[in-house]
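Heads up: the structure comes next, in structure tokens.
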Amino acid sequence: PCPSSIDIGQTIRLFETAQRSMTDALRTAYDALDADASDCVQCGACEDRCPFGVHVIEKMEQTTALFR
């Protein structure tokens, strides 16, 4: 798990869906997260453990920018 308690999978799913079409429902779902992408401290622990090679820190930065 993320040391900042970010649900990385859900956060990335919301980001990828919102890139195609931002809706009020997506914004509401993102706002309801206990910890969002802006809580990322860029420790890299998630990237070391990710079996898919996702650049999680970069995704968190992009997500923060998109949902601003």
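Letters A, B, ... go to the chains of the structure tokens in the order shown; residues in each chain start at 1; ligands are counted from 1 in the same order.
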Quiz item: Which residues, written as a PyMOL selection string, have at least one atom at most 9 Å from range 1-9 of chain A, with only C-alpha atoms counted and residues fewer than 6 positions away on the same chain left out?
Solution: chain A and resi 33-37+39-41+43+45-46+56+60
Quiz item: Can you tell me, as a ChimeraX atom specification, what residues are no more than 9 Å from Leu66 in chain A when counting only C-alpha atoms, ignoring any on the same chain fewer than 5 positions away?
Solution: /A:15,18-19,61
Self-check item: Expected answer as number ranges by chain: helix (DSSP H, G or I) residues in chain A
Solution: A: 8-20, 24-31, 37-39, 45-49, 56-66
Exercise. Have a look at CA of Met22 in chain A and CA of Ala65 in chain A and let me know their distance in Å, one decimal.
Key: 12.9 Å
